[in-house]
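What follows is query.txt (compact mmCIF, C-alpha atoms and all ligand atoms).
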```txt
# COMPACT_ATOMS: atom_id res chain seq x y z
CA MET Y 1 3.27 -12.02 31.06
CA GLU Y 2 3.10 -8.25 31.58
CA THR Y 3 0.09 -6.31 30.36
CA VAL Y 4 0.31 -2.56 30.25
CA ALA Y 5 -3.31 -1.78 29.35
CA PRO Y 6 -6.08 -2.90 31.65
CA TYR Y 7 -7.97 -6.03 30.71
CA LYS Y 8 -11.31 -4.26 30.32
CA GLU Y 9 -10.00 -1.60 27.94
CA ILE Y 10 -8.54 -4.17 25.59
CA ILE Y 11 -11.80 -6.09 25.56
CA ASP Y 12 -13.73 -2.86 24.84
CA VAL Y 13 -11.49 -1.81 21.95
CA ILE Y 14 -11.60 -5.31 20.52
CA LYS Y 15 -15.40 -5.26 20.69
CA GLU Y 16 -15.57 -1.91 18.90
CA SER Y 17 -13.40 -3.36 16.12
CA GLY Y 18 -15.68 -6.32 15.50
CA GLY Y 19 -14.57 -8.35 18.52
CA ASP Y 20 -17.29 -10.94 18.35
CA ALA Y 21 -15.74 -12.19 15.14
CA PHE Y 22 -12.37 -12.70 16.92
CA LYS Y 23 -14.03 -15.14 19.29
CA LEU Y 24 -14.86 -17.40 16.35
CA CYS Y 25 -11.19 -18.42 16.20
CA TYR Y 26 -10.87 -22.12 16.87
CA ARG Y 27 -7.07 -22.09 16.80
CA CYS Y 28 -6.57 -24.08 13.61
CA GLY Y 29 -3.34 -22.19 12.93
CA LEU Y 30 -4.00 -21.72 9.19
CA CYS Y 31 -3.23 -17.99 9.57
CA ASP Y 32 0.26 -18.85 10.79
CA THR Y 33 0.82 -21.26 7.89
CA VAL Y 34 0.19 -18.58 5.25
CA CYS Y 35 1.74 -15.61 7.07
CA PRO Y 36 4.91 -14.37 5.31
CA TRP Y 37 6.57 -13.76 8.66
CA ASN Y 38 6.93 -17.48 9.13
CA ARG Y 39 9.23 -17.59 6.12
CA VAL Y 40 11.73 -15.44 8.01
CA ILE Y 41 11.10 -15.80 11.77
CA PRO Y 42 8.70 -17.70 14.04
CA PHE Y 43 5.54 -15.59 14.44
CA SER Y 44 2.02 -16.46 15.52
CA MET Y 45 -0.95 -14.28 14.66
CA ARG Y 46 -3.14 -17.06 16.04
CA LYS Y 47 -1.57 -16.46 19.46
CA ILE Y 48 -2.10 -12.68 19.19
CA VAL Y 49 -5.78 -13.15 18.26
CA ARG Y 50 -6.22 -15.63 21.10
CA GLN Y 51 -4.61 -13.41 23.73
CA ALA Y 52 -6.61 -10.39 22.54
CA THR Y 53 -9.86 -12.30 22.89
CA PHE Y 54 -9.10 -12.64 26.61
CA GLY Y 55 -7.70 -9.11 26.97
CA LEU Y 56 -4.26 -10.54 27.72
CA THR Y 57 -2.24 -8.70 25.09
CA GLU Y 58 1.34 -7.64 25.83
CA ILE Y 59 0.99 -4.25 24.17
CA GLU Y 60 4.66 -3.48 24.69
CA SER Y 61 5.57 -6.47 22.49
CA GLU Y 62 7.05 -5.87 19.04
CA ASP Y 63 4.88 -8.69 17.69
CA ILE Y 64 1.69 -6.60 17.58
CA TRP Y 65 3.48 -4.32 15.08
CA ARG Y 66 4.58 -7.06 12.70
CA CYS Y 67 1.41 -7.65 10.67
CA THR Y 68 1.78 -5.92 7.30
CA THR Y 69 -2.01 -6.22 6.82
CA CYS Y 70 -1.18 -8.18 3.67
CA GLY Y 71 -4.61 -9.81 3.70
CA ASN Y 72 -3.39 -13.36 3.19
CA CYS Y 73 -4.60 -14.91 6.43
CA PRO Y 74 -8.11 -13.38 6.51
CA GLN Y 75 -8.84 -14.81 3.06
CA LYS Y 76 -7.84 -18.29 4.29
CA CYS Y 77 -9.38 -18.21 7.79
CA PRO Y 78 -12.18 -20.82 7.87
CA ARG Y 79 -14.05 -18.92 10.62
CA GLY Y 80 -14.06 -15.42 9.11
CA VAL Y 81 -12.07 -13.91 11.97
CA LYS Y 82 -11.26 -10.23 11.38
CA ILE Y 83 -7.56 -10.81 11.91
CA ILE Y 84 -6.28 -7.48 10.54
CA GLU Y 85 -8.84 -5.46 12.52
CA CYS Y 86 -7.80 -7.35 15.64
CA GLY Y 87 -4.13 -6.45 15.13
CA VAL Y 88 -4.91 -2.79 14.34
CA SER Y 89 -7.11 -2.45 17.42
CA LEU Y 90 -4.20 -3.56 19.61
CA ARG Y 91 -2.00 -0.93 17.98
CA ARG Y 92 -4.67 1.66 18.76
CA ILE Y 93 -4.27 0.88 22.44
CA ALA Y 94 -0.46 0.97 22.22
CA THR Y 95 -0.64 4.28 20.34
CA GLU Y 96 -2.95 5.75 22.96
CA TYR Y 97 -0.50 4.77 25.72
CA GLY Y 98 2.48 5.91 23.62
CA VAL Y 99 4.06 2.45 23.88
CA PHE Y 100 6.37 2.03 20.87
CA PRO Y 101 9.12 -0.63 20.81
CA THR Y 102 12.43 0.57 19.30
CA PRO Y 103 11.83 -0.48 15.64
CA VAL Y 104 8.42 1.24 15.75
CA LYS Y 105 9.61 4.55 17.22
CA PRO Y 106 9.88 6.33 13.80
CA ILE Y 107 6.06 6.41 13.85
CA ARG Y 108 6.21 9.38 16.25
CA THR Y 109 8.13 11.52 13.74
CA ILE Y 110 5.94 10.27 10.89
CA SER Y 111 2.81 11.26 12.75
CA GLY Y 112 4.20 14.75 13.44
CA SER Y 113 5.11 15.22 9.80
CA LEU Y 114 1.66 14.08 8.66
CA VAL Y 115 -0.05 16.58 10.93
CA GLY Y 116 2.36 19.43 10.15
CA GLU Y 117 3.10 18.98 6.46
CA GLY Y 118 0.56 16.43 5.19
CA ASN Y 119 3.20 13.83 4.31
CA PRO Y 120 5.14 11.18 6.26
CA LEU Y 121 8.54 12.08 4.84
CA SER Y 122 9.30 15.28 6.80
CA GLU Y 123 9.13 17.19 3.53
CA GLU Y 124 7.70 20.69 3.08
CA ARG Y 125 4.13 20.98 1.91
CA ALA Y 126 5.22 23.84 -0.37
CA LYS Y 127 7.34 21.40 -2.43
CA ARG Y 128 4.58 18.85 -3.01
CA ALA Y 129 4.14 19.64 -6.71
CA ASN Y 130 7.85 19.99 -7.54
CA TRP Y 131 7.85 16.55 -9.18
CA ALA Y 132 5.87 18.06 -12.08
CA GLU Y 133 8.39 20.79 -12.95
CA GLY Y 134 8.74 21.24 -16.71
CA LEU Y 135 5.81 18.97 -17.59
CA SER Y 136 3.05 21.58 -18.02
CA VAL Y 137 0.79 19.75 -15.58
CA LYS Y 138 -2.18 21.98 -14.73
CA PRO Y 139 -3.73 22.63 -11.32
CA PHE Y 140 -7.03 20.80 -11.02
CA THR Y 141 -10.10 22.94 -11.75
CA GLU Y 142 -13.78 22.05 -11.63
CA GLY Y 143 -14.98 20.45 -14.84
CA MET Y 144 -11.74 18.60 -15.61
CA ASP Y 145 -12.24 14.89 -16.32
CA VAL Y 146 -9.76 13.51 -13.81
CA LEU Y 147 -7.89 14.53 -10.67
CA TYR Y 148 -4.48 12.84 -10.67
CA PHE Y 149 -3.50 12.14 -7.04
CA PRO Y 150 0.14 10.93 -7.00
CA GLY Y 151 0.33 10.55 -3.20
CA CYS Y 152 3.27 11.22 -0.89
CA TYR Y 153 6.03 8.92 -2.14
CA LEU Y 154 5.55 9.85 -5.79
CA SER Y 155 5.51 13.53 -4.86
CA TYR Y 156 8.75 13.56 -2.87
CA ASP Y 157 10.85 10.41 -3.16
CA PRO Y 158 13.53 10.89 -5.85
CA ARG Y 159 13.09 7.34 -7.22
CA LEU Y 160 9.30 7.54 -7.25
CA LYS Y 161 9.06 11.04 -8.71
CA LYS Y 162 10.02 9.30 -11.97
CA VAL Y 163 6.78 7.30 -11.72
CA ALA Y 164 4.68 10.45 -11.23
CA ARG Y 165 6.43 12.02 -14.23
CA ALA Y 166 5.89 8.90 -16.35
CA THR Y 167 2.20 8.94 -15.41
CA ALA Y 168 1.74 12.62 -16.30
CA THR Y 169 3.55 12.05 -19.61
CA ILE Y 170 1.27 9.13 -20.48
CA LEU Y 171 -1.89 11.06 -19.54
CA THR Y 172 -0.80 14.01 -21.67
CA ARG Y 173 0.00 11.72 -24.60
CA ALA Y 174 -3.44 10.11 -24.31
CA GLY Y 175 -5.09 13.55 -24.34
CA ILE Y 176 -6.60 13.23 -20.86
CA ASP Y 177 -8.02 16.42 -19.35
CA PHE Y 178 -6.43 16.12 -15.91
CA GLY Y 179 -5.01 18.29 -13.14
CA ILE Y 180 -3.35 17.96 -9.71
CA LEU Y 181 -4.04 19.51 -6.32
CA GLY Y 182 -0.36 20.19 -5.62
CA THR Y 183 0.14 21.77 -2.18
CA LYS Y 184 -3.55 21.22 -1.38
CA GLU Y 185 -3.03 17.44 -1.50
CA ASN Y 186 -2.61 15.55 1.80
CA CYS Y 187 -1.46 12.03 2.54
CA CYS Y 188 -4.46 9.72 2.09
CA GLY Y 189 -3.93 8.44 5.65
CA GLU Y 190 -4.27 4.72 4.89
CA SER Y 191 -1.02 3.55 6.46
CA ILE Y 192 -1.10 5.71 9.60
CA ARG Y 193 -4.56 4.30 10.27
CA LYS Y 194 -3.14 0.77 10.15
CA THR Y 195 -0.63 1.78 12.83
CA GLY Y 196 -3.61 2.50 15.06
CA ASP Y 197 -3.57 6.30 14.84
CA GLU Y 198 -7.21 6.88 14.10
CA ASP Y 199 -7.05 10.60 15.00
CA VAL Y 200 -4.39 11.43 12.40
CA PHE Y 201 -6.21 9.33 9.81
CA LYS Y 202 -9.45 11.23 10.41
CA LEU Y 203 -7.69 14.58 10.25
CA LEU Y 204 -6.08 13.77 6.89
CA ALA Y 205 -9.19 12.15 5.43
CA LYS Y 206 -11.45 15.08 6.40
CA GLU Y 207 -9.04 17.64 4.92
CA ASN Y 208 -8.77 15.67 1.68
CA ILE Y 209 -12.53 15.21 1.42
CA LYS Y 210 -13.10 18.93 1.97
CA THR Y 211 -10.52 19.75 -0.73
CA PHE Y 212 -12.09 17.28 -3.16
CA ILE Y 213 -15.57 18.74 -2.59
CA ASP Y 214 -14.42 22.40 -2.66
CA ASN Y 215 -12.66 21.80 -5.97
CA GLY Y 216 -15.48 19.86 -7.62
CA VAL Y 217 -13.55 16.56 -7.85
CA GLN Y 218 -15.53 13.58 -9.07
CA LYS Y 219 -13.04 11.12 -10.54
CA ILE Y 220 -9.69 10.44 -8.83
CA LEU Y 221 -6.84 8.62 -10.54
CA VAL Y 222 -4.26 7.22 -8.09
CA SER Y 223 -0.85 5.61 -8.39
CA SER Y 224 -0.77 3.96 -4.97
CA PRO Y 225 -2.93 0.96 -4.11
CA HIS Y 226 -3.00 2.36 -0.56
CA CYS Y 227 -4.65 5.62 -1.74
CA PHE Y 228 -6.93 3.50 -3.93
CA HIS Y 229 -8.01 1.34 -1.02
CA THR Y 230 -8.70 4.12 1.43
CA PHE Y 231 -10.48 6.46 -1.03
CA LYS Y 232 -12.64 3.61 -2.32
CA ASN Y 233 -13.33 1.59 0.81
CA GLU Y 234 -12.64 3.81 3.82
CA TYR Y 235 -13.57 7.41 2.85
CA PRO Y 236 -17.22 6.31 2.33
CA GLU Y 237 -17.28 6.08 6.17
CA PHE Y 238 -17.50 9.90 5.94
CA MET Y 239 -20.61 9.66 3.73
CA VAL Y 240 -18.83 10.53 0.47
CA ASN Y 241 -18.34 8.54 -2.69
CA PHE Y 242 -15.82 9.50 -5.35
CA GLU Y 243 -15.06 7.52 -8.47
CA VAL Y 244 -11.61 6.08 -7.83
CA VAL Y 245 -9.44 4.39 -10.44
CA HIS Y 246 -5.98 2.89 -10.11
CA ILE Y 247 -3.46 3.69 -12.83
CA SER Y 248 -2.85 0.02 -13.72
CA HIS Y 249 -6.54 -0.36 -14.55
CA TYR Y 250 -6.71 3.00 -16.31
CA LEU Y 251 -3.73 2.15 -18.51
CA PHE Y 252 -5.46 -0.99 -19.72
CA GLU Y 253 -8.56 1.04 -20.63
CA LEU Y 254 -6.53 3.70 -22.47
CA ILE Y 255 -4.72 1.05 -24.52
CA ASP Y 256 -7.85 -1.01 -25.11
CA GLU Y 257 -9.85 2.02 -26.29
CA GLY Y 258 -7.05 3.01 -28.68
CA ARG Y 259 -6.29 6.27 -26.85
CA LEU Y 260 -2.75 5.14 -26.13
CA GLU Y 261 -0.76 3.60 -28.92
CA LEU Y 262 2.12 1.29 -28.06
CA THR Y 263 4.51 1.78 -30.95
CA LYS Y 264 7.84 0.43 -29.72
CA GLU Y 265 9.16 -3.02 -28.78
CA TYR Y 266 10.03 -3.99 -25.21
CA GLY Y 267 11.97 -7.21 -25.75
CA LYS Y 268 12.42 -8.25 -22.13
CA LYS Y 269 11.25 -10.97 -19.77
CA VAL Y 270 9.02 -9.32 -17.22
CA THR Y 271 7.34 -10.64 -14.11
CA TYR Y 272 4.49 -8.84 -12.34
CA HIS Y 273 4.22 -8.55 -8.57
CA ASP Y 274 0.66 -8.15 -7.21
CA PRO Y 275 0.64 -5.44 -4.52
CA CYS Y 276 -1.47 -6.62 -1.55
CA TYR Y 277 -3.74 -3.57 -1.60
CA LEU Y 278 -4.41 -3.87 -5.33
CA GLY Y 279 -4.76 -7.64 -5.48
CA ARG Y 280 -6.00 -9.31 -2.31
CA HIS Y 281 -7.69 -6.23 -0.86
CA ASN Y 282 -9.34 -5.03 -4.08
CA GLY Y 283 -9.33 -7.95 -6.52
CA ILE Y 284 -7.32 -6.25 -9.29
CA TYR Y 285 -5.15 -9.00 -10.79
CA ASP Y 286 -5.94 -9.15 -14.49
CA LYS Y 287 -5.92 -5.58 -15.81
CA PRO Y 288 -2.23 -4.84 -15.04
CA ARG Y 289 -1.26 -8.16 -16.67
CA GLU Y 290 -3.48 -7.49 -19.68
CA ALA Y 291 -1.93 -4.04 -20.11
CA LEU Y 292 1.56 -5.59 -20.01
CA LYS Y 293 0.60 -8.31 -22.51
CA LYS Y 294 -0.35 -5.62 -25.03
CA ILE Y 295 3.25 -4.35 -25.13
CA PRO Y 296 4.99 -5.59 -28.30
CA GLY Y 297 7.88 -7.97 -27.59
CA LEU Y 298 7.29 -8.19 -23.83
CA GLU Y 299 7.34 -11.72 -22.39
CA LEU Y 300 5.28 -11.96 -19.20
CA ILE Y 301 6.28 -14.73 -16.82
CA GLU Y 302 4.75 -15.62 -13.46
CA MET Y 303 6.49 -16.10 -10.14
CA PRO Y 304 5.38 -18.60 -7.52
CA ASP Y 305 3.13 -16.93 -4.90
CA SER Y 306 1.28 -14.72 -7.36
CA ARG Y 307 -2.26 -13.30 -7.59
CA GLU Y 308 -4.27 -14.27 -4.43
CA ASP Y 309 -1.14 -15.84 -2.93
CA SER Y 310 1.16 -12.92 -3.72
CA LEU Y 311 4.12 -12.60 -1.37
CA CYS Y 312 3.85 -9.28 0.46
CA CYS Y 313 6.76 -6.85 -0.05
CA GLY Y 314 6.68 -6.05 3.68
CA GLY Y 315 5.59 -2.41 3.37
CA GLY Y 316 1.91 -2.42 4.34
CA GLY Y 317 0.37 -1.74 7.75
CA GLY Y 318 2.84 1.10 8.33
CA ARG Y 319 5.79 -1.34 8.16
CA ILE Y 320 7.28 0.86 5.42
CA TRP Y 321 8.22 3.26 8.24
CA MET Y 322 9.55 0.66 10.67
CA GLU Y 323 12.94 -0.94 10.81
CA THR Y 324 13.09 -4.49 9.45
CA PRO Y 325 16.53 -6.09 9.89
CA LYS Y 326 18.29 -7.88 7.06
CA GLY Y 327 17.23 -11.52 7.04
CA GLU Y 328 13.62 -10.58 7.88
CA ARG Y 329 12.72 -8.71 4.69
CA PHE Y 330 10.06 -10.35 2.49
CA SER Y 331 11.17 -8.15 -0.40
CA ASP Y 332 14.50 -10.04 -0.50
CA LEU Y 333 12.61 -13.31 -0.94
CA ARG Y 334 10.41 -11.79 -3.66
CA LEU Y 335 13.36 -10.46 -5.59
CA GLU Y 336 15.01 -13.89 -5.46
CA GLN Y 337 11.80 -15.45 -6.79
CA ALA Y 338 11.79 -12.97 -9.69
CA ILE Y 339 15.42 -13.76 -10.54
CA ASP Y 340 14.81 -17.52 -10.21
CA VAL Y 341 12.04 -17.47 -12.86
CA GLY Y 342 14.41 -15.70 -15.23
CA ALA Y 343 12.84 -12.22 -15.17
CA GLU Y 344 14.94 -9.28 -16.33
CA VAL Y 345 12.40 -6.81 -14.95
CA LEU Y 346 10.28 -6.99 -11.81
CA VAL Y 347 7.29 -4.76 -12.47
CA THR Y 348 4.65 -3.66 -10.01
CA SER Y 349 2.36 -0.71 -9.36
CA CYS Y 350 2.85 0.40 -5.75
CA PRO Y 351 5.29 2.91 -4.21
CA TYR Y 352 5.94 0.76 -1.13
CA CYS Y 353 6.71 -2.33 -3.22
CA ILE Y 354 9.09 -0.35 -5.42
CA THR Y 355 10.84 1.20 -2.39
CA ASN Y 356 11.35 -2.20 -0.78
CA PHE Y 357 12.42 -3.96 -3.98
CA GLU Y 358 14.89 -1.20 -4.85
CA ASP Y 359 16.37 -1.53 -1.33
CA SER Y 360 16.64 -5.28 -1.81
CA THR Y 361 18.46 -4.95 -5.15
CA LEU Y 362 21.08 -2.90 -3.28
CA THR Y 363 21.42 -5.07 -0.18
CA LEU Y 364 21.42 -8.32 -2.19
CA GLU Y 365 23.72 -6.70 -4.78
CA VAL Y 366 21.66 -7.97 -7.72
CA GLY Y 367 21.12 -4.66 -9.50
CA GLU Y 368 22.90 -6.01 -12.61
CA ASN Y 369 20.60 -9.04 -12.81
CA ILE Y 370 17.23 -7.37 -12.50
CA GLU Y 371 15.51 -3.98 -12.85
CA VAL Y 372 12.60 -2.81 -10.69
CA LYS Y 373 9.96 -0.80 -12.54
CA ASP Y 374 6.53 0.66 -12.14
CA ILE Y 375 4.12 -0.34 -14.92
CA THR Y 376 3.93 3.31 -16.07
CA GLU Y 377 7.70 3.42 -16.60
CA ILE Y 378 7.49 0.54 -19.08
CA ILE Y 379 4.49 2.01 -20.89
CA GLN Y 380 6.29 5.37 -21.11
CA GLU Y 381 9.15 3.65 -22.93
CA VAL Y 382 6.91 2.17 -25.63
CA ILE Y 383 4.61 5.07 -26.57
S1 LIG Y 401 -7.06 -19.13 10.63
FE1 LIG Y 401 -8.77 -18.09 11.75
S2 LIG Y 401 -9.67 -19.74 13.03
FE2 LIG Y 401 -7.64 -20.47 12.37
S3 LIG Y 401 -6.25 -19.86 14.05
FE3 LIG Y 401 -6.18 -18.21 12.53
S4 LIG Y 401 -7.74 -16.72 13.23
FE4 LIG Y 401 -8.14 -18.68 14.30
S1 LIG Y 402 -2.43 -10.12 7.31
FE1 LIG Y 402 -0.58 -10.98 6.38
S2 LIG Y 402 1.15 -10.25 7.66
FE2 LIG Y 402 -0.77 -9.93 8.83
S3 LIG Y 402 -0.88 -11.79 10.10
FE3 LIG Y 402 -2.11 -12.14 8.24
S4 LIG Y 402 -0.73 -13.18 6.80
FE4 LIG Y 402 0.53 -12.26 8.45
```
Kindly present the structure from the file in structure tokens form.
Amino acid sequence: METVAPYKEIIDVIKESGGDAFKLCYRCGLCDTVCPWNRVIPFSMRKIVRQATFGLTEIESEDIWRCTTCGNCPQKCPRGVKIIECGVSLRRIATEYGVFPTPVKPIRTISGSLVGEGNPLSEERAKRANWAEGLSVKPFTEGMDVLYFPGCYLSYDPRLKKVARATATILTRAGIDFGILGTKENCCGESIRKTGDEDVFKLLAKENIKTFIDNGVQKILVSSPHCFHTFKNEYPEFMVNFEVVHISHYLFELIDEGRLELTKEYGKKVTYHDPCYLGRHNGIYDKPREALKKIPGLELIEMPDSREDSLCCGGGGGRIWMETPKGERFSDLRLEQAIDVGAEVLVTSCPYCITNFEDSTLTLEVGENIEVKDITEIIQEVI
């Protein structure tokens, strides 16, 4: 076994990340049983945790980059081991040493783009608000009720711009006093942090926090569960606290309060996929389903592996930027589950899930059998 980083350094970083909790592992292997990787290839997080405890990690190994931080194993671990934190701390060491196996190498470009342009997609900052062209979306000003923060993928990705546009259309229809930060918006930094790049995360978070404070932001509406998670649970590390609401929850409230009227039928069989960072990491399972159930004509059906057991799409933990070969993609399995239960539409509420599911419809050639939609795209059709 070759170890690139010295034994002591690994132990130190592990300790800083809550290392005493890693030592609680008694090697039951439950984490490996529930890990989605074991549906596609042999993979042992138990082994990684064990080796890390002794400072014996092979930091050049691709395995330390596999965890999607889906949150399934920590919720099942009988000893409360901080499994995700353990994996991320090993990536921090690899990042510090610049050790990136081939499938992980895109992270270097991503990191450069985040620092230079505030997004991971090598897009120009100046074009960040182009998604809103023709929609009369206002710049955010102090005193507005809500800041809408679409995030990077909805700002730039051609498929996901449709979701940002659907969201703005719905908010306008509901009479919400909202605005956007446009070019002043930065990536939230959640995913780069999970790749172990704490410096870039801090840079992005501090810039965003300063912008929020300078512009008098109090309530932030987000489309991505990753933005939701980091604003709500990680930005408070910087001694700030904003009210953060995810669109799937907000939609339910708007419908429930009668501010959004659903006037048209949506006569399709729909199944809902719980994004890891909305469901397991933040406990939001019911509101998106309740919003969908209010749509006239819509038949909601459940897949296996839903709610707390939701099958990860494969995009968390920075995996959205890494290469995952065909045959190892969880999103293929999820799409097959959706088709098997008879769904005509696979609906979710996360840009990474949509990106991965859209890719899978192409590679599996099932685009005629099933559509992939964000919850806002369905609501837009029925108002
Ligand atoms: S489930 Fe927890 S205790 Fe069991 S092997 Fe995994 S980390 Fe160790
Ligand atoms: S968090 Fe998810 S992907 Fe990571 S090791 Fe645990 S079950 Fe596997």
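Neighbours of ligand LIG 402 (chain Y) at a cut-off of 9 Å, computed so that all atoms listed in the file are counted, are the residues Cys31, Asp32, Thr33, Val34, Cys35, Pro36, Trp37, Asn38, Phe43, Ser44, Met45, Arg46, Arg66, Cys67, Thr68, Thr69, Cys70, Gly71, Asn72, Cys73, Pro74, Gln75, Ile83, Ile84, Gly87, Cys312, Gly314, Gly316 and Gly317 of chain Y.
Taking CA of Ile213 (chain Y) as the reference point, CA of Arg173 (chain Y) is found at 27.9 Å.
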>> Show me which residues line ligand LIG 401 (chain Y), defined as having an atom within 7 Å of a ligand atom where all atoms listed in the file count, and present them as JSON, numbers by chain.
In response: {"Y": [24, 25, 26, 27, 28, 29, 30, 31, 32, 45, 46, 49, 73, 76, 77, 78, 79, 80, 81, 83]}
>> Restricting the calculation to only C-alpha atoms: of Y:Arg50, Y:Lys206, Y:His249, Y:Lys219, which residue gets closest to Glu237 (chain Y)?
In response: Y:Lys206
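Our summary of the geometry notes that CA of Thr271 (chain Y) is positioned 25.9 Å from CA of Cys152 (chain Y).
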> Please, which residues are within 9 Å of (-4.2, 5.5, 15.6) by the file's coordinates, counting all atoms listed in the file, and could they come as a list in words?
Replying inline: Val88, Ser89, Arg91, Arg92, Ile93, Ala94, Thr95, Glu96, Ile192, Arg193, Lys194, Thr195, Gly196, Asp197, Glu198, Asp199, Val200 and Phe201 of chain Y
Residues of region 170-237 of chain Y that have any atom at most 7 Å from an atom of region 109-125 of chain Y: could you tabulate them with the shortest-distance atom pair and the distance in Å to one decimal, using all atoms listed in the file, ordered by chain and increasing number, as a Markdown table?
```
| residue | atom | partner | partner_atom | distance |
| --- | --- | --- | --- | --- |
| Y:Thr183 | CA | Y:Arg125 | CA | 5.8 |
| Y:Asn186 | CA | Y:Gly118 | CA | 4.7 |
| Y:Cys187 | CA | Y:Asn119 | CA | 5.3 |
| Y:Val200 | CA | Y:Val115 | CA | 6.9 |
```
>> For a quick check of your reading of the model, name the residues lying within 12 Å of the coordinate (-12.9, 22.3, -8.3), counting all atoms listed in the file, and write them as a PyMOL selection string.
In response: chain Y and resi 139-147+178-181+184+210-219
Residue contacts of region 282-299 of chain Y (9 Å, only C-alpha atoms) excluding same-chain residues fewer than 6 positions away, as a compact mmCIF listing (two decimals) with C-alpha atoms, keeping the file's coordinate frame:
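Writing done, so here's result.txt:
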```txt
# COMPACT_ATOMS: atom_id res chain seq x y z
CA PRO Y 225 -2.93 0.96 -4.11
CA PHE Y 228 -6.93 3.50 -3.93
CA HIS Y 229 -8.01 1.34 -1.02
CA ILE Y 247 -3.46 3.69 -12.83
CA SER Y 248 -2.85 0.02 -13.72
CA HIS Y 249 -6.54 -0.36 -14.55
CA TYR Y 250 -6.71 3.00 -16.31
CA LEU Y 251 -3.73 2.15 -18.51
CA PHE Y 252 -5.46 -0.99 -19.72
CA GLU Y 253 -8.56 1.04 -20.63
CA ILE Y 255 -4.72 1.05 -24.52
CA ASP Y 256 -7.85 -1.01 -25.11
CA LEU Y 262 2.12 1.29 -28.06
CA THR Y 263 4.51 1.78 -30.95
CA LYS Y 264 7.84 0.43 -29.72
CA GLU Y 265 9.16 -3.02 -28.78
CA TYR Y 266 10.03 -3.99 -25.21
CA GLY Y 267 11.97 -7.21 -25.75
CA LYS Y 268 12.42 -8.25 -22.13
CA LYS Y 269 11.25 -10.97 -19.77
CA VAL Y 270 9.02 -9.32 -17.22
CA THR Y 271 7.34 -10.64 -14.11
CA TYR Y 272 4.49 -8.84 -12.34
CA ASP Y 274 0.66 -8.15 -7.21
CA CYS Y 276 -1.47 -6.62 -1.55
CA ARG Y 307 -2.26 -13.30 -7.59
CA GLU Y 308 -4.27 -14.27 -4.43
CA THR Y 348 4.65 -3.66 -10.01
CA SER Y 349 2.36 -0.71 -9.36
CA ILE Y 375 4.12 -0.34 -14.92
CA ILE Y 378 7.49 0.54 -19.08
CA ILE Y 379 4.49 2.01 -20.89
CA VAL Y 382 6.91 2.17 -25.63
```
> Could you pull the residues within 7 Å of region 155-158 of chain Y, counting only C-alpha atoms, minus those fewer than 5 positions along the same chain, as JSON, numbers by chain?
Replying inline: {"Y": [128, 129, 131, 150]}
>> Just want the 7 Å neighbourhood of Cys353 (chain Y), counted on all atoms listed in the file, with same-chain residues fewer than 5 positions away dropped. Output as an NGL selection string.
In response: :Y and (275 or 313 or 315)
Env of region 319-333 of chain Y: 6 Å cut, atoms = all atoms listed in the file, seq-sep filter 6 positions within chain, self excluded. Answer as an mmCIF file with C-alpha atoms, in the coordinates of the input.
```
data_model
loop_
_atom_site.group_PDB
_atom_site.id
_atom_site.type_symbol
_atom_site.label_atom_id
_atom_site.label_comp_id
_atom_site.auth_asym_id
_atom_site.auth_seq_id
_atom_site.Cartn_x
_atom_site.Cartn_y
_atom_site.Cartn_z
ATOM 1 C CA VAL Y 40 11.730 -15.440 8.010
ATOM 2 C CA PRO Y 103 11.830 -0.480 15.640
ATOM 3 C CA VAL Y 104 8.420 1.240 15.750
ATOM 4 C CA CYS Y 313 6.760 -6.850 -0.050
ATOM 5 C CA ASN Y 356 11.350 -2.200 -0.780
ATOM 6 C CA PHE Y 357 12.420 -3.960 -3.980
ATOM 7 C CA SER Y 360 16.640 -5.280 -1.810
#
```
> Between CA of Gly318 (chain Y) and CA of Lys23 (chain Y), what is the spacing in Å?
Replying inline: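 Taking CA of Lys23 (chain Y) and CA of Gly318 (chain Y), their separation equals 25.9 Å.
Proximity ranking of Y:Leu278, Y:Ile354, Y:Ile301, Y:Val341 relative to Leu160 (chain Y) places Y:Ile354 first, based on all atoms listed in the file.
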> Which of these residues is nearest to His226 (chain Y), using all atoms listed in the file: Y:Leu260, Y:Pro351, Y:Pro304, Y:Thr102?
Replying inline: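 Ranked by minimum distance to His226 (chain Y), first place goes to Y:Pro351.
Comparing the minimum interatomic distances between Arg334 (chain Y) and each of Y:Arg39, Y:Lys202, Y:Arg280, Y:Arg159, counting all atoms listed in the file, we find that Y:Arg39 sits nearest.
Using all atoms listed in the file for every distance, the candidate list Y:Tyr235, Y:Phe100, Y:Tyr277, Y:Tyr148 yields Y:Phe100 as the residue closest to Glu60 (chain Y).
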